[in-house]
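Structure data (CSV, N, CA and C atoms and all ligand atoms) from input19.csv:
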chain,number,residue,atom,x,y,z
A,129,MET,N,-0.5,14.2,19.6
A,129,MET,CA,0.7,14.3,20.5
A,129,MET,C,1.6,15.3,20.0
A,130,SER,N,2.0,16.3,20.9
A,130,SER,CA,2.7,17.5,20.5
A,130,SER,C,4.1,17.2,20.0
A,131,ASP,N,4.8,16.2,20.5
A,131,ASP,CA,6.2,15.9,20.1
A,131,ASP,C,6.3,14.8,19.1
A,132,CYS,N,5.2,14.4,18.4
A,132,CYS,CA,5.2,13.3,17.5
A,132,CYS,C,5.4,13.8,16.1
A,133,LEU,N,6.4,13.3,15.4
A,133,LEU,CA,6.7,13.7,14.0
A,133,LEU,C,5.5,13.5,13.1
A,134,PHE,N,4.8,12.4,13.1
A,134,PHE,CA,3.7,12.2,12.2
A,134,PHE,C,2.5,13.0,12.6
A,135,CYS,N,2.3,13.2,13.8
A,135,CYS,CA,1.2,14.2,14.2
A,135,CYS,C,1.5,15.6,13.6
A,136,LYS,N,2.7,16.0,13.6
A,136,LYS,CA,3.1,17.3,13.1
A,136,LYS,C,2.9,17.3,11.5
A,137,ILE,N,3.2,16.2,10.9
A,137,ILE,CA,3.0,16.1,9.4
A,137,ILE,C,1.5,16.1,9.1
A,138,ILE,N,0.7,15.4,9.9
A,138,ILE,CA,-0.7,15.4,9.7
A,138,ILE,C,-1.3,16.9,9.9
A,139,ALA,N,-0.7,17.6,10.9
A,139,ALA,CA,-1.2,18.9,11.2
A,139,ALA,C,-0.6,19.9,10.2
A,140,GLY,N,0.3,19.5,9.3
A,140,GLY,CA,0.9,20.4,8.3
A,140,GLY,C,2.0,21.3,8.9
A,141,GLU,N,2.4,20.9,10.1
A,141,GLU,CA,3.5,21.7,10.7
A,141,GLU,C,4.9,21.3,10.1
A,142,ILE,N,5.0,20.1,9.6
A,142,ILE,CA,6.2,19.6,8.9
A,142,ILE,C,5.7,19.2,7.5
A,143,PRO,N,6.4,19.6,6.5
A,143,PRO,CA,6.0,19.3,5.1
A,143,PRO,C,6.0,17.8,4.8
A,144,SER,N,5.1,17.4,3.9
A,144,SER,CA,5.1,16.1,3.4
A,144,SER,C,4.6,16.1,2.0
A,145,THR,N,4.8,15.0,1.2
A,145,THR,CA,4.2,14.9,-0.1
A,145,THR,C,3.0,14.0,0.1
A,146,LYS,N,1.8,14.7,0.2
A,146,LYS,CA,0.6,14.0,0.5
A,146,LYS,C,0.1,13.2,-0.7
A,147,VAL,N,-0.3,12.0,-0.5
A,147,VAL,CA,-1.0,11.3,-1.6
A,147,VAL,C,-2.4,11.0,-1.4
A,148,TYR,N,-2.9,11.1,-0.1
A,148,TYR,CA,-4.3,10.9,0.2
A,148,TYR,C,-4.6,11.4,1.6
A,149,GLU,N,-5.8,11.9,1.7
A,149,GLU,CA,-6.3,12.4,3.0
A,149,GLU,C,-7.8,12.2,3.1
A,150,ASP,N,-8.3,11.8,4.2
A,150,ASP,CA,-9.7,11.9,4.5
A,150,ASP,C,-9.9,12.2,6.0
A,151,GLU,N,-11.1,12.0,6.6
A,151,GLU,CA,-11.3,12.3,8.0
A,151,GLU,C,-10.5,11.5,8.9
A,152,TYR,N,-10.1,10.3,8.5
A,152,TYR,CA,-9.5,9.4,9.5
A,152,TYR,C,-8.0,9.0,9.1
A,153,VAL,N,-7.7,9.2,7.9
A,153,VAL,CA,-6.4,8.7,7.4
A,153,VAL,C,-5.6,9.7,6.6
A,154,TYR,N,-4.3,9.7,6.8
A,154,TYR,CA,-3.4,10.5,6.0
A,154,TYR,C,-2.3,9.6,5.4
A,155,ALA,N,-2.0,9.9,4.1
A,155,ALA,CA,-1.0,9.1,3.4
A,155,ALA,C,0.0,10.0,2.7
A,156,PHE,N,1.3,9.7,2.8
A,156,PHE,CA,2.3,10.5,2.2
A,156,PHE,C,3.5,9.7,1.8
A,157,LYS,N,4.4,10.3,0.9
A,157,LYS,CA,5.5,9.5,0.4
A,157,LYS,C,6.6,9.4,1.5
A,158,ASP,N,7.2,8.2,1.7
A,158,ASP,CA,8.3,8.1,2.6
A,158,ASP,C,9.5,8.9,2.1
A,159,ILE,N,10.1,9.6,3.1
A,159,ILE,CA,11.2,10.5,2.7
A,159,ILE,C,12.5,9.7,2.3
A,160,ASN,N,12.5,8.4,2.6
A,160,ASN,CA,13.7,7.5,2.3
A,160,ASN,C,13.1,6.3,1.6
A,161,PRO,N,12.7,6.4,0.4
A,161,PRO,CA,12.0,5.3,-0.2
A,161,PRO,C,12.8,4.0,-0.5
A,162,LEU,N,12.3,2.9,-0.1
A,162,LEU,CA,12.9,1.6,-0.3
A,162,LEU,C,12.5,0.9,-1.5
A,163,ALA,N,11.6,1.5,-2.2
A,163,ALA,CA,11.0,0.9,-3.5
A,163,ALA,C,10.5,2.0,-4.3
A,164,PRO,N,10.3,1.8,-5.6
A,164,PRO,CA,9.8,2.9,-6.5
A,164,PRO,C,8.5,3.5,-5.9
A,165,ILE,N,7.6,2.7,-5.3
A,165,ILE,CA,6.4,3.2,-4.6
A,165,ILE,C,6.7,2.9,-3.1
A,166,HIS,N,6.7,4.0,-2.3
A,166,HIS,CA,6.8,3.8,-0.9
A,166,HIS,C,6.0,4.9,-0.2
A,167,VAL,N,4.8,4.5,0.2
A,167,VAL,CA,3.9,5.4,0.8
A,167,VAL,C,3.7,5.0,2.3
A,168,LEU,N,3.6,5.9,3.2
A,168,LEU,CA,3.2,5.7,4.6
A,168,LEU,C,1.7,6.0,4.7
A,169,ILE,N,1.0,5.1,5.3
A,169,ILE,CA,-0.4,5.4,5.6
A,169,ILE,C,-0.6,5.4,7.1
A,170,VAL,N,-1.2,6.4,7.6
A,170,VAL,CA,-1.3,6.6,9.1
A,170,VAL,C,-2.7,7.0,9.5
A,171,PRO,N,-3.0,6.6,10.7
A,171,PRO,CA,-4.3,7.2,11.3
A,171,PRO,C,-4.1,8.6,11.7
A,172,LYS,N,-5.1,9.5,11.5
A,172,LYS,CA,-4.9,10.8,12.1
A,172,LYS,C,-4.9,10.8,13.6
A,173,GLU,N,-5.6,9.9,14.2
A,173,GLU,CA,-5.5,9.8,15.6
A,173,GLU,C,-4.2,9.2,16.0
A,174,HIS,N,-3.6,9.8,17.1
A,174,HIS,CA,-2.3,9.2,17.5
A,174,HIS,C,-2.5,7.9,18.2
A,175,ILE,N,-1.9,6.9,17.6
A,175,ILE,CA,-1.8,5.5,18.2
A,175,ILE,C,-0.3,5.2,18.1
A,176,SER,N,0.3,4.8,19.2
A,176,SER,CA,1.8,4.7,19.2
A,176,SER,C,2.3,3.6,18.3
A,177,GLY,N,1.5,2.5,18.1
A,177,GLY,CA,2.0,1.4,17.3
A,177,GLY,C,1.0,0.3,17.3
A,178,ALA,N,1.4,-0.8,16.6
A,178,ALA,CA,0.5,-1.9,16.5
A,178,ALA,C,0.1,-2.6,17.8
A,179,SER,N,1.0,-2.4,18.8
A,179,SER,CA,0.7,-3.0,20.1
A,179,SER,C,-0.4,-2.3,20.8
A,180,GLU,N,-0.7,-1.1,20.4
A,180,GLU,CA,-1.7,-0.3,21.1
A,180,GLU,C,-3.1,-0.3,20.3
A,181,ILE,N,-3.3,-1.2,19.4
A,181,ILE,CA,-4.6,-1.3,18.7
A,181,ILE,C,-5.5,-2.0,19.6
A,182,THR,N,-6.7,-1.4,19.8
A,182,THR,CA,-7.7,-2.0,20.7
A,182,THR,C,-9.1,-2.0,20.0
A,183,SER,N,-10.1,-2.6,20.7
A,183,SER,CA,-11.4,-2.6,20.1
A,183,SER,C,-12.0,-1.2,20.0
A,184,GLU,N,-11.5,-0.2,20.8
A,184,GLU,CA,-11.9,1.2,20.7
A,184,GLU,C,-11.4,1.9,19.5
A,185,ASN,N,-10.1,1.6,19.1
A,185,ASN,CA,-9.5,2.4,18.0
A,185,ASN,C,-9.2,1.6,16.7
A,186,SER,N,-9.6,0.3,16.6
A,186,SER,CA,-9.2,-0.5,15.5
A,186,SER,C,-10.0,-0.2,14.2
A,187,ALA,N,-11.1,0.5,14.3
A,187,ALA,CA,-11.8,0.8,13.0
A,187,ALA,C,-10.9,1.5,12.0
A,188,VAL,N,-10.0,2.3,12.4
A,188,VAL,CA,-9.2,3.0,11.5
A,188,VAL,C,-8.2,2.1,10.7
A,189,VAL,N,-8.0,0.9,11.3
A,189,VAL,CA,-7.1,0.0,10.6
A,189,VAL,C,-7.7,-0.5,9.3
A,190,SER,N,-9.0,-0.8,9.3
A,190,SER,CA,-9.7,-1.2,8.1
A,190,SER,C,-9.8,0.0,7.1
A,191,LYS,N,-9.9,1.2,7.6
A,191,LYS,CA,-9.8,2.4,6.7
A,191,LYS,C,-8.4,2.5,6.1
A,192,ILE,N,-7.4,2.2,6.8
A,192,ILE,CA,-6.1,2.2,6.3
A,192,ILE,C,-5.9,1.2,5.2
A,193,PHE,N,-6.4,0.0,5.4
A,193,PHE,CA,-6.3,-1.1,4.4
A,193,PHE,C,-7.2,-0.8,3.1
A,194,GLU,N,-8.3,-0.1,3.4
A,194,GLU,CA,-9.1,0.3,2.2
A,194,GLU,C,-8.3,1.3,1.4
A,195,THR,N,-7.7,2.2,2.1
A,195,THR,CA,-6.8,3.3,1.5
A,195,THR,C,-5.7,2.6,0.7
A,196,ALA,N,-5.0,1.6,1.3
A,196,ALA,CA,-3.9,1.0,0.6
A,196,ALA,C,-4.4,0.3,-0.7
A,197,ALA,N,-5.5,-0.3,-0.7
A,197,ALA,CA,-6.0,-1.0,-1.9
A,197,ALA,C,-6.3,0.0,-3.0
A,198,LYS,N,-6.9,1.1,-2.5
A,198,LYS,CA,-7.3,2.2,-3.5
A,198,LYS,C,-6.0,2.9,-4.1
A,199,LEU,N,-5.0,3.2,-3.2
A,199,LEU,CA,-3.8,3.8,-3.7
A,199,LEU,C,-3.0,2.8,-4.6
A,200,ALA,N,-3.0,1.6,-4.2
A,200,ALA,CA,-2.3,0.6,-5.0
A,200,ALA,C,-2.8,0.6,-6.5
A,201,LYS,N,-4.1,0.7,-6.6
A,201,LYS,CA,-4.7,0.8,-7.9
A,201,LYS,C,-4.3,2.1,-8.6
A,202,GLU,N,-4.5,3.2,-7.9
A,202,GLU,CA,-4.2,4.5,-8.5
A,202,GLU,C,-2.7,4.6,-8.9
A,203,LEU,N,-1.8,4.0,-8.1
A,203,LEU,CA,-0.4,4.1,-8.3
A,203,LEU,C,0.1,3.0,-9.3
A,204,GLY,N,-0.8,2.2,-9.7
A,204,GLY,CA,-0.4,1.2,-10.8
A,204,GLY,C,0.3,0.0,-10.3
A,205,ILE,N,0.2,-0.4,-9.0
A,205,ILE,CA,1.0,-1.5,-8.5
A,205,ILE,C,0.0,-2.6,-8.1
A,206,SER,N,-1.3,-2.5,-8.3
A,206,SER,CA,-2.2,-3.4,-7.8
A,206,SER,C,-2.1,-4.8,-8.5
A,207,GLU,N,-1.9,-4.8,-9.8
A,207,GLU,CA,-1.9,-6.0,-10.5
A,207,GLU,C,-0.6,-6.8,-10.2
A,208,ASP,N,0.5,-6.1,-10.3
A,208,ASP,CA,1.8,-6.8,-10.1
A,208,ASP,C,2.0,-7.2,-8.6
A,209,GLY,N,1.4,-6.5,-7.7
A,209,GLY,CA,1.5,-6.8,-6.3
A,209,GLY,C,2.3,-5.8,-5.5
A,210,PHE,N,2.2,-5.9,-4.2
A,210,PHE,CA,2.8,-5.0,-3.3
A,210,PHE,C,2.9,-5.6,-1.9
A,211,ARG,N,3.5,-4.8,-1.0
A,211,ARG,CA,3.6,-5.3,0.4
A,211,ARG,C,3.1,-4.2,1.3
A,212,ILE,N,2.4,-4.6,2.4
A,212,ILE,CA,2.1,-3.7,3.5
A,212,ILE,C,2.8,-4.1,4.7
A,213,VAL,N,3.5,-3.2,5.4
A,213,VAL,CA,4.3,-3.6,6.6
A,213,VAL,C,4.0,-2.6,7.7
A,214,THR,N,3.9,-3.1,8.9
A,214,THR,CA,4.0,-2.2,10.0
A,214,THR,C,5.0,-2.7,11.0
A,215,ASN,N,6.0,-1.9,11.4
A,215,ASN,CA,7.0,-2.3,12.3
A,215,ASN,C,6.6,-1.9,13.7
A,216,CYS,N,6.8,-2.7,14.7
A,216,CYS,CA,6.4,-2.4,16.1
A,216,CYS,C,7.5,-2.6,17.1
A,217,GLY,N,7.8,-1.6,17.8
A,217,GLY,CA,8.8,-1.8,18.9
A,217,GLY,C,10.2,-2.0,18.5
A,218,ASP,N,11.1,-2.2,19.4
A,218,ASP,CA,12.5,-2.3,19.1
A,218,ASP,C,12.8,-3.5,18.2
A,219,HIS,N,12.3,-4.7,18.5
A,219,HIS,CA,12.6,-5.8,17.7
A,219,HIS,C,12.0,-5.7,16.3
A,220,GLY,N,11.0,-4.9,16.1
A,220,GLY,CA,10.4,-4.7,14.8
A,220,GLY,C,11.0,-3.5,14.1
A,221,CYS,N,12.0,-2.8,14.7
A,221,CYS,CA,12.7,-1.7,14.2
A,221,CYS,C,11.7,-0.5,13.9
A,222,GLN,N,10.8,-0.3,14.8
A,222,GLN,CA,9.9,0.9,14.7
A,222,GLN,C,10.7,2.1,15.1
A,223,SER,N,10.8,3.1,14.1
A,223,SER,CA,11.6,4.3,14.5
A,223,SER,C,10.7,5.6,14.7
A,224,VAL,N,9.5,5.5,14.3
A,224,VAL,CA,8.5,6.6,14.5
A,224,VAL,C,7.3,6.0,15.3
A,225,HIS,N,7.1,6.5,16.5
A,225,HIS,CA,6.1,5.9,17.4
A,225,HIS,C,4.7,6.5,17.2
A,226,HIS,N,4.3,6.5,15.9
A,226,HIS,CA,2.9,6.8,15.5
A,226,HIS,C,2.6,5.7,14.5
A,227,LEU,N,1.5,4.9,14.8
A,227,LEU,CA,1.2,3.8,13.9
A,227,LEU,C,1.2,4.2,12.5
A,228,HIS,N,1.9,3.4,11.7
A,228,HIS,CA,2.0,3.6,10.2
A,228,HIS,C,2.2,2.3,9.5
A,229,PHE,N,1.7,2.3,8.3
A,229,PHE,CA,1.8,1.1,7.4
A,229,PHE,C,2.5,1.6,6.2
A,230,HIS,N,3.6,0.8,5.9
A,230,HIS,CA,4.4,1.1,4.7
A,230,HIS,C,3.7,0.3,3.5
A,231,LEU,N,3.4,1.1,2.4
A,231,LEU,CA,2.9,0.5,1.2
A,231,LEU,C,4.1,0.5,0.2
A,232,LEU,N,4.6,-0.7,-0.1
A,232,LEU,CA,5.8,-0.8,-1.0
A,232,LEU,C,5.5,-1.6,-2.2
A,233,GLY,N,6.0,-1.1,-3.3
A,233,GLY,CA,5.8,-1.8,-4.6
A,233,GLY,C,6.5,-1.1,-5.7
A,234,GLY,N,6.2,-1.6,-6.9
A,234,GLY,CA,6.9,-1.0,-8.1
A,234,GLY,C,8.1,-1.7,-8.5
A,235,LYS,N,8.5,-2.8,-7.8
A,235,LYS,CA,9.6,-3.7,-8.1
A,235,LYS,C,9.4,-5.0,-7.5
A,236,GLN,N,10.2,-6.0,-7.9
A,236,GLN,CA,10.1,-7.3,-7.3
A,236,GLN,C,10.7,-7.2,-5.9
A,237,LEU,N,9.9,-7.4,-4.8
A,237,LEU,CA,10.4,-7.4,-3.5
A,237,LEU,C,11.0,-8.7,-3.1
A,238,THR,N,11.9,-8.8,-2.1
A,238,THR,CA,12.5,-10.1,-1.7
A,238,THR,C,11.6,-10.7,-0.7
A,239,ALA,N,11.7,-12.0,-0.6
A,239,ALA,CA,10.9,-12.8,0.4
A,239,ALA,C,11.4,-12.7,1.8
A,240,ASP,N,12.6,-12.1,2.0
A,240,ASP,CA,13.2,-12.1,3.3
A,240,ASP,C,12.4,-11.1,4.2
A,241,MET,N,11.8,-11.5,5.2
A,241,MET,CA,11.0,-10.6,6.1
A,241,MET,C,11.8,-10.4,7.4
A,242,GLY,N,13.0,-10.9,7.5
A,242,GLY,CA,13.7,-10.8,8.7
A,242,GLY,C,14.6,-9.6,8.9
B,1,LIG,P1,9.6,2.8,10.8
B,1,LIG,O1,11.1,2.6,10.7
B,1,LIG,O2,8.8,1.6,10.4
B,1,LIG,O3,9.1,3.4,12.1
B,1,LIG,O4,9.2,3.8,9.6
B,1,LIG,C1,9.4,5.2,9.7
B,1,LIG,C2,9.5,5.7,8.3
B,1,LIG,O5,9.3,7.1,8.4
B,1,LIG,C3,10.9,5.5,7.7
B,1,LIG,O6,10.7,4.7,6.5
B,1,LIG,C4,11.3,6.9,7.4
B,1,LIG,O7,12.0,7.0,6.1
B,1,LIG,C5,10.1,7.7,7.4
B,1,LIG,N1,10.2,9.1,7.6
B,1,LIG,C6,10.9,9.6,8.7
B,1,LIG,N2,10.7,11.0,8.7
B,1,LIG,C7,9.9,11.3,7.6
B,1,LIG,C8,9.4,12.5,7.0
B,1,LIG,N3,9.7,13.7,7.6
B,1,LIG,N4,8.6,12.4,5.9
B,1,LIG,C9,8.4,11.2,5.4
B,1,LIG,N5,8.8,10.0,5.9
B,1,LIG,C10,9.6,10.0,7.0
B,2,ZN,ZN,1.4,11.0,16.5

Write-out of the structure in structure tokens:
Amino acid sequence: MSDCLFCKIIAGEIPSTKVYEDEYVYAFKDINPLAPIHVLIVPKEHISGASEITSENSAVVSKIFETAAKLAKELGISEDGFRIVTNCGDHGCQSVHHLHFHLLGGKQLTADMG
């Protein structure tokens, strides 16, 4: 999608600090980290959010979770634990409308999910 921030990041048109890339998935550091480790993991294919996941495009979601587990080990947060979050729509406070999963860790996170 031409006007999508994360599509531009994936295409290299906007700089990012890449932590992983393969045929299906791109992962980069969040510009405004909420924890010592805060990585965004996104599908290369433009999917606007979790509400648009279908049987046709859902395979990439398992790739994203495989990537999250791999990165958590590499980044040293696998044993202590971490959180994976995706925000969807207005009530979910989604600000970028390209599906993305926040991988957060490196400190004790709070239980408040609201
Ligand atoms: P969300 O609010 O769930 O849609 O998450 C969007 C995330 O994208 C936020 O955590 C932002 O800090 C992050 N973000 C916005 N612009 C950039 C950028 N240029 N590079 C890296 N992360 C970004
Ligand atoms: Zn996009």

Problem - Spatial neighbours of Gly233 in chain A, 7 Å, all atoms listed in the file, chain gap at least 5 places, as a list in words - result: Ala163, Pro164, Ile165, His166, Val167, Ile205, Gly209, Phe210 and Arg211 of chain A

Problem - Contacts of Lys157 in chain A within 12 Å, only C-alpha atoms, excl. fewer than 6 positions in-chain, as a PyMOL selection string - result: chain A and resi 137+143-148+163-170+199+203+228-232

Which chains and residue numbers are within 5 Å of ligand LIG 1 (chain B), counting all atoms listed in the file, if I want them as a short mmCIF file (atom, residue, chain, number, x, y, z; two decimals) with N, CA and C atoms, keeping the file's coordinate frame?
data_model
loop_
_atom_site.label_atom_id
_atom_site.label_comp_id
_atom_site.auth_asym_id
_atom_site.auth_seq_id
_atom_site.Cartn_x
_atom_site.Cartn_y
_atom_site.Cartn_z
N LYS A 157 4.40 10.30 0.90
CA LYS A 157 5.50 9.50 0.40
C LYS A 157 6.60 9.40 1.50
N ASP A 158 7.20 8.20 1.70
CA ASP A 158 8.30 8.10 2.60
C ASP A 158 9.50 8.90 2.10
N ILE A 159 10.10 9.60 3.10
CA ILE A 159 11.20 10.50 2.70
C ILE A 159 12.50 9.70 2.30
N ASN A 160 12.50 8.40 2.60
CA ASN A 160 13.70 7.50 2.30
C ASN A 160 13.10 6.30 1.60
N ASN A 215 6.00 -1.90 11.40
CA ASN A 215 7.00 -2.30 12.30
C ASN A 215 6.60 -1.90 13.70
N CYS A 221 12.00 -2.80 14.70
CA CYS A 221 12.70 -1.70 14.20
C CYS A 221 11.70 -0.50 13.90
N GLN A 222 10.80 -0.30 14.80
CA GLN A 222 9.90 0.90 14.70
C GLN A 222 10.70 2.10 15.10
N SER A 223 10.80 3.10 14.10
CA SER A 223 11.60 4.30 14.50
C SER A 223 10.70 5.60 14.70
N VAL A 224 9.50 5.50 14.30
CA VAL A 224 8.50 6.60 14.50
C VAL A 224 7.30 6.00 15.30
#

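Interatomic distance, CA of Thr195 in chain A to CA of Tyr152 in chain A: 10.4 Å.
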
At most 7 Å from ligand ZN 2 (chain B) (all atoms listed in the file): residue list as an mmCIF file with N, CA and C atoms, keeping the file's coordinate frame:
data_model
loop_
_atom_site.group_PDB
_atom_site.id
_atom_site.type_symbol
_atom_site.label_atom_id
_atom_site.label_comp_id
_atom_site.auth_asym_id
_atom_site.auth_seq_id
_atom_site.Cartn_x
_atom_site.Cartn_y
_atom_site.Cartn_z
ATOM 1 N N MET A 129 -0.500 14.200 19.600
ATOM 2 C CA MET A 129 0.700 14.300 20.500
ATOM 3 C C MET A 129 1.600 15.300 20.000
ATOM 4 N N SER A 130 2.000 16.300 20.900
ATOM 5 C CA SER A 130 2.700 17.500 20.500
ATOM 6 C C SER A 130 4.100 17.200 20.000
ATOM 7 N N ASP A 131 4.800 16.200 20.500
ATOM 8 C CA ASP A 131 6.200 15.900 20.100
ATOM 9 C C ASP A 131 6.300 14.800 19.100
ATOM 10 N N CYS A 132 5.200 14.400 18.400
ATOM 11 C CA CYS A 132 5.200 13.300 17.500
ATOM 12 C C CYS A 132 5.400 13.800 16.100
ATOM 13 N N LEU A 133 6.400 13.300 15.400
ATOM 14 C CA LEU A 133 6.700 13.700 14.000
ATOM 15 C C LEU A 133 5.500 13.500 13.100
ATOM 16 N N PHE A 134 4.800 12.400 13.100
ATOM 17 C CA PHE A 134 3.700 12.200 12.200
ATOM 18 C C PHE A 134 2.500 13.000 12.600
ATOM 19 N N CYS A 135 2.300 13.200 13.800
ATOM 20 C CA CYS A 135 1.200 14.200 14.200
ATOM 21 C C CYS A 135 1.500 15.600 13.600
ATOM 22 N N LYS A 136 2.700 16.000 13.600
ATOM 23 C CA LYS A 136 3.100 17.300 13.100
ATOM 24 C C LYS A 136 2.900 17.300 11.500
ATOM 25 N N LYS A 172 -5.100 9.500 11.500
ATOM 26 C CA LYS A 172 -4.900 10.800 12.100
ATOM 27 C C LYS A 172 -4.900 10.800 13.600
ATOM 28 N N GLU A 173 -5.600 9.900 14.200
ATOM 29 C CA GLU A 173 -5.500 9.800 15.600
ATOM 30 C C GLU A 173 -4.200 9.200 16.000
ATOM 31 N N HIS A 174 -3.600 9.800 17.100
ATOM 32 C CA HIS A 174 -2.300 9.200 17.500
ATOM 33 C C HIS A 174 -2.500 7.900 18.200
ATOM 34 N N ILE A 175 -1.900 6.900 17.600
ATOM 35 C CA ILE A 175 -1.800 5.500 18.200
ATOM 36 C C ILE A 175 -0.300 5.200 18.100
ATOM 37 N N SER A 176 0.300 4.800 19.200
ATOM 38 C CA SER A 176 1.800 4.700 19.200
ATOM 39 C C SER A 176 2.300 3.600 18.300
ATOM 40 N N HIS A 225 7.100 6.500 16.500
ATOM 41 C CA HIS A 225 6.100 5.900 17.400
ATOM 42 C C HIS A 225 4.700 6.500 17.200
ATOM 43 N N HIS A 226 4.300 6.500 15.900
ATOM 44 C CA HIS A 226 2.900 6.800 15.500
ATOM 45 C C HIS A 226 2.600 5.700 14.500
ATOM 46 N N LEU A 227 1.500 4.900 14.800
ATOM 47 C CA LEU A 227 1.200 3.800 13.900
ATOM 48 C C LEU A 227 1.200 4.200 12.500
#

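Picture a line from CA of Glu141 in chain A to CA of Ile192 in chain A; it runs 22.2 Å.
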
Practice task
Using backbone DSSP assignments, extract all alpha helix (DSSP H) residues from range 198-241 of chain A; output them as a VMD selection string.
Solution key: chain A and resid 198 to 202

Problem - Atomic distance CA of Tyr154 in chain A - CA of Asp240 in chain A, expressed in Å with one decimal - result: 28.2 Å

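Using only C-alpha atoms, the nearest neighbour of Lys191 in chain A within the list A:Ala155, A:Leu162, A:Ile142, A:Val213 is A:Ala155.
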
Calculate, to one decimal in Å, the centre and edge lengths of the box along x, y and z of the file that holds all listed atoms of range 158-170 of chain A with 8 Å of margin on each side, and present them as AutoDock Vina command-line options.
--center_x 5.5 --center_y 5.7 --center_z 1.5 --size_x 32.4 --size_y 25.6 --size_z 32.0

Practice task
Compare A:Pro171, A:Gly242, A:Gly177, A:Gly234 by their minimum atom-to-atom distance to Cys216 in chain A, counting only C-alpha atoms, and give me the closest one.
Solution key: A:Gly177

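Secondary structure from DSSP on the backbone puts strand (DSSP E) at the following positions of range 144-217 of chain A: Lys146, Val147, Tyr148, Glu149, Val153, Tyr154, Ala155, Phe156, Lys157, Ile165, His166, Val167, Leu168, Ile169, Val170, Pro171, Phe210, Arg211, Ile212 and Val213 of chain A.
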
Regenerate range 154-159 of chain A at the level of all heavy atoms and dump it as a PDB file, in the coordinates of the input.
ATOM      1  N   TYR A 154      -4.300   9.700   6.800  1.00  0.00           N
ATOM      2  CA  TYR A 154      -3.400  10.500   6.000  1.00  0.00           C
ATOM      3  C   TYR A 154      -2.300   9.600   5.400  1.00  0.00           C
ATOM      4  O   TYR A 154      -1.792   8.692   6.026  1.00  0.00           O
ATOM      5  CB  TYR A 154      -2.704  11.538   6.935  1.00  0.00           C
ATOM      6  CG  TYR A 154      -1.958  12.647   6.253  1.00  0.00           C
ATOM      7  CD1 TYR A 154      -2.630  13.776   5.796  1.00  0.00           C
ATOM      8  CD2 TYR A 154      -0.582  12.581   6.054  1.00  0.00           C
ATOM      9  CE1 TYR A 154      -1.948  14.803   5.153  1.00  0.00           C
ATOM     10  CE2 TYR A 154       0.104  13.603   5.414  1.00  0.00           C
ATOM     11  CZ  TYR A 154      -0.587  14.707   4.972  1.00  0.00           C
ATOM     12  OH  TYR A 154       0.078  15.722   4.328  1.00  0.00           O
ATOM     13  N   ALA A 155      -2.000   9.900   4.100  1.00  0.00           N
ATOM     14  CA  ALA A 155      -1.000   9.100   3.400  1.00  0.00           C
ATOM     15  C   ALA A 155       0.000  10.000   2.700  1.00  0.00           C
ATOM     16  O   ALA A 155      -0.413  10.989   2.086  1.00  0.00           O
ATOM     17  CB  ALA A 155      -1.620   8.104   2.406  1.00  0.00           C
ATOM     18  N   PHE A 156       1.300   9.700   2.800  1.00  0.00           N
ATOM     19  CA  PHE A 156       2.300  10.500   2.200  1.00  0.00           C
ATOM     20  C   PHE A 156       3.500   9.700   1.800  1.00  0.00           C
ATOM     21  O   PHE A 156       3.714   8.567   2.290  1.00  0.00           O
ATOM     22  CB  PHE A 156       2.727  11.625   3.219  1.00  0.00           C
ATOM     23  CG  PHE A 156       3.177  11.121   4.563  1.00  0.00           C
ATOM     24  CD1 PHE A 156       4.521  11.116   4.914  1.00  0.00           C
ATOM     25  CD2 PHE A 156       2.257  10.641   5.495  1.00  0.00           C
ATOM     26  CE1 PHE A 156       4.949  10.654   6.160  1.00  0.00           C
ATOM     27  CE2 PHE A 156       2.672  10.170   6.748  1.00  0.00           C
ATOM     28  CZ  PHE A 156       4.004  10.183   7.075  1.00  0.00           C
ATOM     29  N   LYS A 157       4.400  10.300   0.900  1.00  0.00           N
ATOM     30  CA  LYS A 157       5.500   9.500   0.400  1.00  0.00           C
ATOM     31  C   LYS A 157       6.600   9.400   1.500  1.00  0.00           C
ATOM     32  O   LYS A 157       6.875  10.436   2.228  1.00  0.00           O
ATOM     33  CB  LYS A 157       6.134  10.264  -0.775  1.00  0.00           C
ATOM     34  CG  LYS A 157       5.270  10.135  -2.011  1.00  0.00           C
ATOM     35  CD  LYS A 157       6.011  10.667  -3.230  1.00  0.00           C
ATOM     36  CE  LYS A 157       5.152  10.546  -4.468  1.00  0.00           C
ATOM     37  NZ  LYS A 157       5.778  11.146  -5.654  1.00  0.00           N
ATOM     38  N   ASP A 158       7.200   8.200   1.700  1.00  0.00           N
ATOM     39  CA  ASP A 158       8.300   8.100   2.600  1.00  0.00           C
ATOM     40  C   ASP A 158       9.500   8.900   2.100  1.00  0.00           C
ATOM     41  O   ASP A 158       9.802   8.921   0.941  1.00  0.00           O
ATOM     42  CB  ASP A 158       8.655   6.589   2.716  1.00  0.00           C
ATOM     43  CG  ASP A 158       9.510   6.309   3.938  1.00  0.00           C
ATOM     44  OD1 ASP A 158      10.669   6.790   3.988  1.00  0.00           O
ATOM     45  OD2 ASP A 158       9.016   5.637   4.855  1.00  0.00           O
ATOM     46  N   ILE A 159      10.100   9.600   3.100  1.00  0.00           N
ATOM     47  CA  ILE A 159      11.200  10.500   2.700  1.00  0.00           C
ATOM     48  C   ILE A 159      12.500   9.700   2.300  1.00  0.00           C
ATOM     49  O   ILE A 159      13.352  10.227   1.608  1.00  0.00           O
ATOM     50  CB  ILE A 159      11.581  11.368   3.961  1.00  0.00           C
ATOM     51  CG1 ILE A 159      12.246  12.654   3.547  1.00  0.00           C
ATOM     52  CG2 ILE A 159      12.381  10.609   5.005  1.00  0.00           C
ATOM     53  CD1 ILE A 159      12.331  13.687   4.661  1.00  0.00           C
TER      54      ILE A 159
END
